[in-house]
Amino acid sequence: MSRNENRSAFGPQPPPRQPGATPDGRPAPSSASPPETEVKLEEVEKSEGPFDLVFLDADRASYATYLELALPKLVPGGLLVADNVVSHAAELEDYIGRVKSHPELFSVTVPVGNGEEISYKLA
(Lines give C-alpha, C1' and ligand atoms only; values in the text may rest on other atoms or scores of the structure.)
Protein backbone atom coordinates (compact mmCIF):
# COMPACT_ATOMS: atom_id res chain seq x y z
CA MET A 1 0.00 0.00 0.00
CA SER A 2 1.45 3.37 -0.96
CA ARG A 3 1.59 6.30 1.40
CA ASN A 4 -0.76 9.15 0.63
CA GLU A 5 0.32 12.52 2.08
CA ASN A 6 -3.30 13.75 2.30
CA ARG A 7 -4.65 10.72 4.18
CA SER A 8 -4.44 9.75 7.80
CA ALA A 9 -6.09 7.21 10.05
CA PHE A 10 -8.99 9.65 10.17
CA GLY A 11 -9.51 9.88 6.39
CA PRO A 12 -8.57 12.54 3.84
CA GLN A 13 -7.13 15.72 5.29
CA PRO A 14 -7.42 19.16 3.69
CA PRO A 15 -4.18 20.88 2.71
CA PRO A 16 -2.71 23.11 5.42
CA ARG A 17 -4.05 26.65 5.53
CA GLN A 18 -1.65 29.28 4.20
CA PRO A 19 -0.58 32.08 6.60
CA GLY A 20 -2.73 35.16 6.11
CA ALA A 21 -5.61 33.18 4.58
CA THR A 22 -9.19 33.16 5.76
CA PRO A 23 -10.55 29.87 7.23
CA ASP A 24 -11.96 28.89 3.82
CA GLY A 25 -8.50 29.32 2.22
CA ARG A 26 -9.04 32.65 0.46
CA PRO A 27 -6.38 35.38 0.82
CA ALA A 28 -6.97 37.74 3.71
CA PRO A 29 -8.37 41.18 2.80
CA SER A 30 -5.71 43.73 1.83
CA SER A 31 -6.97 46.09 4.52
CA ALA A 32 -5.31 43.92 7.18
CA SER A 33 -3.45 45.94 9.78
CA PRO A 34 0.38 45.89 9.93
CA PRO A 35 2.04 43.30 12.17
CA GLU A 36 2.07 44.20 15.84
CA THR A 37 5.84 43.73 15.93
CA GLU A 38 6.37 46.66 13.58
CA VAL A 39 8.00 49.46 15.56
CA LYS A 40 7.11 52.92 14.40
CA LEU A 41 9.23 56.05 14.72
CA GLU A 42 6.95 57.41 17.44
CA GLU A 43 7.46 54.27 19.51
CA VAL A 44 11.24 54.53 19.27
CA GLU A 45 11.03 58.18 20.26
CA LYS A 46 8.91 57.30 23.33
CA SER A 47 11.11 54.35 24.36
CA GLU A 48 13.32 55.15 27.32
CA GLY A 49 16.10 52.65 26.70
CA PRO A 50 18.86 51.95 27.37
CA PHE A 51 19.41 49.40 24.60
CA ASP A 52 22.29 46.95 24.20
CA LEU A 53 21.28 46.04 20.65
CA VAL A 54 19.14 47.74 18.03
CA PHE A 55 18.30 45.87 14.83
CA LEU A 56 17.14 48.19 12.08
CA ASP A 57 15.06 46.65 9.29
CA ALA A 58 12.49 49.32 8.56
CA ASP A 59 11.47 51.86 5.96
CA ARG A 60 14.85 52.56 4.34
CA ALA A 61 14.05 56.24 3.83
CA SER A 62 13.77 56.54 7.63
CA TYR A 63 17.03 54.78 8.61
CA ALA A 64 18.80 58.08 9.34
CA THR A 65 15.89 59.19 11.54
CA TYR A 66 15.93 55.87 13.41
CA LEU A 67 19.68 56.38 13.91
CA GLU A 68 19.16 59.81 15.48
CA LEU A 69 16.40 58.47 17.75
CA ALA A 70 18.12 55.24 18.81
CA LEU A 71 21.75 56.33 19.19
CA PRO A 72 21.29 58.38 22.41
CA LYS A 73 19.53 55.35 23.95
CA LEU A 74 22.23 52.87 22.91
CA VAL A 75 24.64 52.01 25.73
CA PRO A 76 28.40 52.43 25.20
CA GLY A 77 29.50 49.09 23.79
CA GLY A 78 26.06 48.54 22.29
CA LEU A 79 25.44 47.50 18.70
CA LEU A 80 23.28 49.04 16.01
CA VAL A 81 22.75 46.57 13.17
CA ALA A 82 21.13 47.81 9.96
CA ASP A 83 19.83 45.41 7.34
CA ASN A 84 19.83 45.77 3.53
CA VAL A 85 22.89 48.03 3.30
CA VAL A 86 24.41 46.15 0.37
CA SER A 87 21.25 45.29 -1.56
CA HIS A 88 19.91 48.86 -1.23
CA ALA A 89 23.18 50.80 -0.95
CA ALA A 90 21.97 53.64 -3.20
CA GLU A 91 18.89 54.22 -1.03
CA LEU A 92 20.94 54.02 2.17
CA GLU A 93 23.87 56.17 1.06
CA ASP A 94 23.03 58.93 3.55
CA TYR A 95 22.63 56.47 6.45
CA ILE A 96 25.84 54.60 5.62
CA GLY A 97 27.75 57.89 5.36
CA ARG A 98 26.44 59.01 8.74
CA VAL A 99 27.33 55.84 10.66
CA LYS A 100 30.75 55.55 8.98
CA SER A 101 31.66 59.14 9.91
CA HIS A 102 29.85 59.44 13.27
CA PRO A 103 32.33 60.19 16.08
CA GLU A 104 30.47 57.92 18.53
CA LEU A 105 30.41 54.87 16.24
CA PHE A 106 32.78 52.35 14.71
CA SER A 107 30.98 50.79 11.73
CA VAL A 108 31.70 47.97 9.32
CA THR A 109 29.73 46.55 6.43
CA VAL A 110 29.28 42.79 6.50
CA PRO A 111 28.34 41.54 3.00
CA VAL A 112 26.16 38.58 3.99
CA GLY A 113 22.62 38.18 2.71
CA ASN A 114 21.38 41.68 1.86
CA GLY A 115 24.26 43.20 3.80
CA GLU A 116 24.46 44.30 7.42
CA GLU A 117 26.01 47.48 8.73
CA ILE A 118 27.25 46.75 12.24
CA SER A 119 27.92 49.86 14.28
CA TYR A 120 29.60 49.67 17.70
CA LYS A 121 28.96 52.58 20.04
CA LEU A 122 32.24 53.77 21.48
CA ALA A 123 32.50 54.63 25.18
# chains A, B, ... in the order shown; residues from 1 in each chain; ligands from 1
call {"tool": "residues_around", "arguments": {"residues": "Glu45 (chain A)", "least_positions_apart": "5", "cutoff": "9 Å", "atoms": "only C-alpha atoms", "output": "VMD selection string"}}
result
chain A and resid 40 66 69 to 70
call {"tool": "atom_distance", "arguments": {"atom1": "CA of Val110 (chain A)", "atom2": "CA of Arg98 (chain A)"}}
result
16.6 Å
call {"tool": "residues_around", "arguments": {"residues": "Tyr120 (chain A)", "least_positions_apart": "2", "cutoff": "10 Å", "atoms": "only C-alpha atoms", "output": "PyMOL selection string"}}
result
chain A and resi 53+74-81+99+104-108+117-118+122-123
call {"tool": "atom_distance", "arguments": {"atom1": "CA of Glu91 (chain A)", "atom2": "CA of Gly49 (chain A)"}}
result
27.9 Å
call {"tool": "closest_residue", "arguments": {"among": "A:Val112, A:Ala82, A:Leu71, A:Ala64", "to": "Asp52 (chain A)", "atoms": "only C-alpha atoms"}}
result
A:Leu71
call {"tool": "residues_around", "arguments": {"residues": "region 83-86 of chain A", "least_positions_apart": "4", "cutoff": "10 Å", "atoms": "only C-alpha atoms", "output": "JSON, numbers by chain"}}
result
{"A": [55, 56, 57, 58, 60, 63, 90, 91, 92, 93, 95, 96, 109, 110, 111, 112, 113, 114, 115, 116, 117, 118]}
call {"tool": "atom_distance", "arguments": {"atom1": "CA of Ser62 (chain A)", "atom2": "CA of Pro50 (chain A)"}}
result
20.9 Å
